[in-house]
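Right, one structure below, let's go through it.
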Amino acid sequence: MRSARRPGRAAETAVAELMAAEREDVLVAAAVRAVRETGAHAGSVFLRSRDGRSIVLAAACGTPPSLIGGWRFIPVNSPIPVAVAYRSGRTVHLANADEAVRRFPQFAVALPYAFGSASVPVRAGPESLGALAVVWAAPPGHPGLSKSQLRHLRAVANRLGTALAALRARGDTLECGTRTVPVEIPAPKNAPAVRVGLFDWRLDTGALAADEELCAIFGLTPGAFDGRADTLASRLHPGDRASLRAAARAAVTHGRVLARRLRVRAGDGYRTVELWGRVPEAPGEEARAHLIGGVLDAGPGAAAVTAVERLRDGLFALDPDGRITYANRSLEPLLGVSGRELLGHRLWDVLPWLSDPAFEDRHRAAMVSQLPTDFLACRPPDRWLAFALHPDANGVTGRVASSGPPHPSAAPDGPAVAPGRETRSVSPPAFTALGPPPAAQAVPARLGAIYHVLQLGSALTEAVTTGEVCDVVADQLLPAFGGQHLAIYVIDDGRLRLLFHTSRHEHFLRWLEGRPLGAPLPGTRTPGSGLPRFIESQQDLTEVPPVISLDRTGAWAYLPLIASNRPVGTCILGFDEIHRFTPEARSLLTALGGLIAQALERARLYDAKSALAHGLQTALLPHRLPDLPGIRTAGRYLPGTSGMDIGGDWYDVIPTEDAVALVVGDVEGHSVAAAGTMGQLRSAVRAFATAGHSPGAVLAGTNRLLTDLDPGLLASCCYIRIDPSTDRAHAVRAGHCPPLLRRPDGGTDVLDLAGGPLLGVDVASTYPETRVDLPPGSILALYTDGLVEERGSDVGLGIDHLRASLAHARAGSLDELADHLLRKARRSPLRSDDIALLLTEYRPG
């Protein structure tokens with residue numbers, strides 16, 4: 001049985017690897033084509049994460065992800081162009097840096113360079129699978145992509161979405177995880193820098209099989225080549241033909257040929273190529289009679305290197321990631337290091353006096369904006385060097401020359417630029433030119449870190465309640481650092497209390513609940529000490545008792561939440577697997593913990609005040625509507641979902657000796673004063689109604705009372721008195737929305753009532769009455785304007801929508817009907833006004 005299962009697992013692994021390879025090919029093709037179709041210098045593809053909280057970088061063409069750092073995981077709710085394109089399903093086109101600053105200021109601050117971008121969603125039908133983005137050099141005023149280029153970009157994204165959907169139909173999950181490594185593709189080149197032709201030379205017969213590239217190197221037409229080594233030899237310099245025969249003899253003797261230089265005819269002259277080959281070690285004379293290899297044609301590259309080596313200035317080449325791929329001999333004495341120490345490394349990593357983050361930013365600015373940039377740097381003790389960086393999509397060419405000190409008029413904290421020259425990259429003042437940077441500045445700044453601070457801080461300023469703060473932290477922190485679990489504990493009477501958690505493990509860190517501060521556990525000591533605790537694997541845990549479940553989590557970050565020098569709780573970030581926290585990540589998480597603490601403390605204060613205010617308002621509303629013969633009622637009140645104050649809406653049902661009074665009112669404003677005035681008006685209306693006054697007299701008396709009180713607030717009101725013995729009602733309005741009447745046949749009308757002014761405007765105001773016929777089985781709906789008024793739309797349109805909803809709703813239960821009419825309002829996350837609704841069904845006898 002065991003041996004039968006192994007092939008199955010092996011087959012599944014092979015299928016998964018094959019599907020992953022197909023997915024990579026699809027992503028690579030899309031990224032490269034997007035760059036070519038738009039003329040951009042970089043492109044990237046993001047796919048949805050497994051938990052749906054973020055989009056993950058899956059492929060990058062051109063600018064490598066490491067260049068801008070921190071952007072592999074982007075929260076889907078972030079105000080970043082590619083995230084907006086993903087969640088909205090629309091194209092986000094930023095023609096240049098000015099438009100980016102105007103529309104996405106936080107994004108522009110984190111990437112302050114002269115570039116434009118376009119982001120489009122990758123969709124499969126109505127479903128968003130990810131997003132595709134391209135970046136191009138865009139000096140001020142650049143028009144961005146044309147309509148045709150944007151259309152081609154969307155077409156590339158649509159084809160990618162179709163291909164990914166087909167892969168998913170065959171079993172590919174598509175979603176990315178924390179271990180997803182993006183596929184990196186160099187930017188497309190117009191022509192190869194080096195040509196290589198391949199051959200198989202039969203040494204015993206002289207027959208030679210050559211590919212098309214080898215024929216091109218020797219100036220032969222592939223179809224006309226006769227397959228003889230002598231034909232190739234005829235294309236060589238006469239002095240090198242013997243060298244070719246010597247290479248054949250060396251291959252027979254030594255089994256290989258290494259870098260044999262030959263001169264090939266090129267027009268009226270010759271160019272040098274290199275021959276490399278090896279005799280196969282396979283058994284048999286037949287195999288050993290072959291020389292298999294290639295001819296390397298460096299083209300003008302070798303001559304260019306020779307010319308560059310003659311220059312007095314230092315010249316170097318950087319790959320897109322900033323690593324040195326070439327350095328001429330003149331660079332060594334200028335920088336004071338050997339070429340061996342430079343190759344494969346970044347300048348700012350090798351040279352301490354270039355470790356200021358601003359120098360790295362100059363390289364980043366050149367690559368992202370594709371604009372040249374110049375700067376001065378001081379090699380200790382006092383030698384000034386002028387650097388010039390010239391980028392293209394595949395890297396940077398740099399030049400270094402001796403220079404004098406910066407001009408005295410240069411600002412001490414601004415960028416040092418050689419006299420008479422300008423920095424052409426668009427970026428803020430980057431570094432000081434007064435000497436080597438202090439050790440504290442030796443760690444390069446990361447743009448992703450800057451953005452995470454800006455974005456989390458901005459999102460937290462908009463979060464009002466503790467629930468909103470916790471949601472923001474989960475939405476921003478988990479994708480930014482690749483975590484899977486989050487828990488927030490607050491301190492309550494010296495003990496930890498779980499406020500929020502999101503985890504696939506139901507009991508994630510619940511063993512901290514109720515633990516006193518200072519207990520020998522991670523998380524309990526963190527708030528008191530003010531020091532974060534980073535646990536990179538379970539082997540790092542020494543103080544957790546064995547009986548406590550570790551929830552199968554591999555790593556943790558315990559962040560103290562300190563507000564105004566006072567501990568308020570602990571934020572715990574969990575990872576499924578072992579996770580290494582870099583010094584930069586530790587510093588960033590510690591800083592973000594301070595932002596979270598301030599927002600959480602503010603939100604807890606708001607929650608306490610809000611609970612007190614809404615408790616006051618609830619106390620002023622009727623706790624239970626009266627049971628009346630022939631009349632059924634249902635009332636609802638919804639507080640606003642945005643803003644910190646309470647409103648003054650109310651409803652009431654008042655039985656009198658021979659009738660029933662229905663009341664809905666609204667005091668202007670949102671404050672405790674509005675709620676207090678509402679309570680006074682409700683009492684006044686109830687007193688006048690139970691005293692037997694007519695509807696017009698009730699509102700007139702209430703108006704006089706409000707005017708005498710002079711609270712500085714106005715109020716609207718609708719009052720209807722139903723007389724069950726006559727099937728009639730008398731209604732009055734004081735600047736309030738008209739009520740609705742649904743007849744037994746389902747027809748629904750907006751009642752045209754004579755109206756008077758708002759309460760509190762004029763002490764002598766009168767309120768005319770309107771008679772309303774009430775057929776048995778009819779329903780009256782009284783409401784406040786929060787139910788029908790939306791920003792940017794006409795209130796009349798909102799009333800008509802409410803009338804249609806009332807007309808077509810099932811009226812089996814008044815409570816169900818009330819919930820149906822409020823369904824849309826309950827779902828609105830940004831409803832600024834409160835709502836009162838009173839439904840009354842008239843069924844006499």
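Residues in the structure tokens are numbered from 1 in each chain, the chains being A, B, ... in the order shown, and ligands are numbered from 1 in the order shown.
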Which polymer residues have any atom within 6 Å of an atom of stretch 570-583 of chain A, counting only C-alpha atoms, with same-chain residues fewer than 6 positions away left out, as a ChimeraX atom specification? /A:483-489,536-537,553-561
Write out the residues from the selection above, keeping N, CA and C atoms, as a short mmCIF file (atom, residue, chain, number, x, y, z; two decimals), in the first residue's frame.
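What ended up in out.cif:
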data_model
loop_
_atom_site.label_atom_id
_atom_site.label_comp_id
_atom_site.auth_asym_id
_atom_site.auth_seq_id
_atom_site.Cartn_x
_atom_site.Cartn_y
_atom_site.Cartn_z
N GLY A 483 1.85 38.59 7.21
CA GLY A 483 1.34 37.80 8.34
C GLY A 483 0.00 37.17 8.04
N GLN A 484 -0.35 36.17 8.84
CA GLN A 484 -1.64 35.49 8.67
C GLN A 484 -2.58 35.70 9.85
N HIS A 485 -2.07 36.15 11.00
CA HIS A 485 -2.91 36.25 12.20
C HIS A 485 -2.65 37.59 12.89
N LEU A 486 -3.71 38.11 13.48
CA LEU A 486 -3.58 39.37 14.21
C LEU A 486 -4.48 39.31 15.43
N ALA A 487 -3.95 39.75 16.56
CA ALA A 487 -4.74 39.86 17.79
C ALA A 487 -4.39 41.18 18.45
N ILE A 488 -5.41 41.86 18.97
CA ILE A 488 -5.20 43.11 19.71
C ILE A 488 -5.81 42.93 21.10
N TYR A 489 -4.97 43.07 22.11
CA TYR A 489 -5.40 43.01 23.50
C TYR A 489 -5.32 44.41 24.10
N GLU A 536 11.06 34.53 16.17
CA GLU A 536 11.15 34.11 14.79
C GLU A 536 10.83 32.63 14.58
N SER A 537 10.80 31.85 15.65
CA SER A 537 10.41 30.45 15.55
C SER A 537 10.04 29.97 16.95
N THR A 553 1.40 28.26 15.26
CA THR A 553 1.95 29.46 14.63
C THR A 553 3.47 29.40 14.70
N GLY A 554 4.15 29.84 13.61
CA GLY A 554 5.58 29.69 13.53
C GLY A 554 6.37 30.86 14.06
N ALA A 555 5.84 32.08 14.01
CA ALA A 555 6.59 33.27 14.45
C ALA A 555 5.59 34.32 14.92
N TRP A 556 6.09 35.21 15.80
CA TRP A 556 5.23 36.26 16.38
C TRP A 556 6.00 37.57 16.46
N ALA A 557 5.23 38.65 16.42
CA ALA A 557 5.76 39.97 16.77
C ALA A 557 4.81 40.56 17.80
N TYR A 558 5.31 40.83 19.00
CA TYR A 558 4.52 41.41 20.09
C TYR A 558 4.87 42.90 20.16
N LEU A 559 3.91 43.75 19.83
CA LEU A 559 4.15 45.19 19.76
C LEU A 559 3.46 45.89 20.92
N PRO A 560 4.19 46.61 21.75
CA PRO A 560 3.54 47.35 22.84
C PRO A 560 2.74 48.52 22.27
N LEU A 561 1.55 48.71 22.78
CA LEU A 561 0.71 49.85 22.39
C LEU A 561 0.80 50.89 23.50
#
Could you give me, as an MDAnalysis selection string, each residue of stretch 532-756 of chain A that DSSP assigns to helix (DSSP H, G or I) when run on this structure's backbone? chainID A and resid 538:540 583:620 672:690 695:709
In Å, with one decimal, what is the gap from atom CA of A:Tyr606 to atom CA of A:Arg827? 21.9 Å
Quick one: residues within 12 Å of A:Val473, only C-alpha atoms counted, chain neighbours fewer than 3 positions away excluded, as JSON, numbers by chain? {"A": [53, 75, 77, 452, 453, 455, 456, 457, 458, 459, 460, 461, 463, 466, 467, 468, 469, 470, 476, 477, 478, 479, 480, 481, 483, 485, 486, 487, 488, 500, 501, 502, 571, 572, 573, 589, 592, 593, 595, 596, 597, 599, 600]}
By how many Å are atom CA of A:Val194 and atom CA of A:Tyr326 apart? 15.6 Å
Option closest in space to A:Gly746, from A:Pro844, A:Gly116, A:Gly777, A:Gly630 [counting only C-alpha atoms]: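 Under the stated criterion, the closest residue is A:Gly777.
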From the set A:Gly712, A:Pro320, A:Pro629, A:Gly239, which residue has the shortest atom-to-atom contact distance to A:Pro724, counting only C-alpha atoms?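 Going through A:Gly712, A:Pro320, A:Pro629, A:Gly239 one by one, the smallest distance to A:Pro724 is for A:Pro629.
Atom pair atom CA of A:Glu274 / atom CA of A:Pro186: separated by 25.8 Å.
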Counting only C-alpha atoms, closest pick from A:Ala110, A:Ala317, A:Leu236, A:Ala163 relative to A:Ile80 is A:Ala110
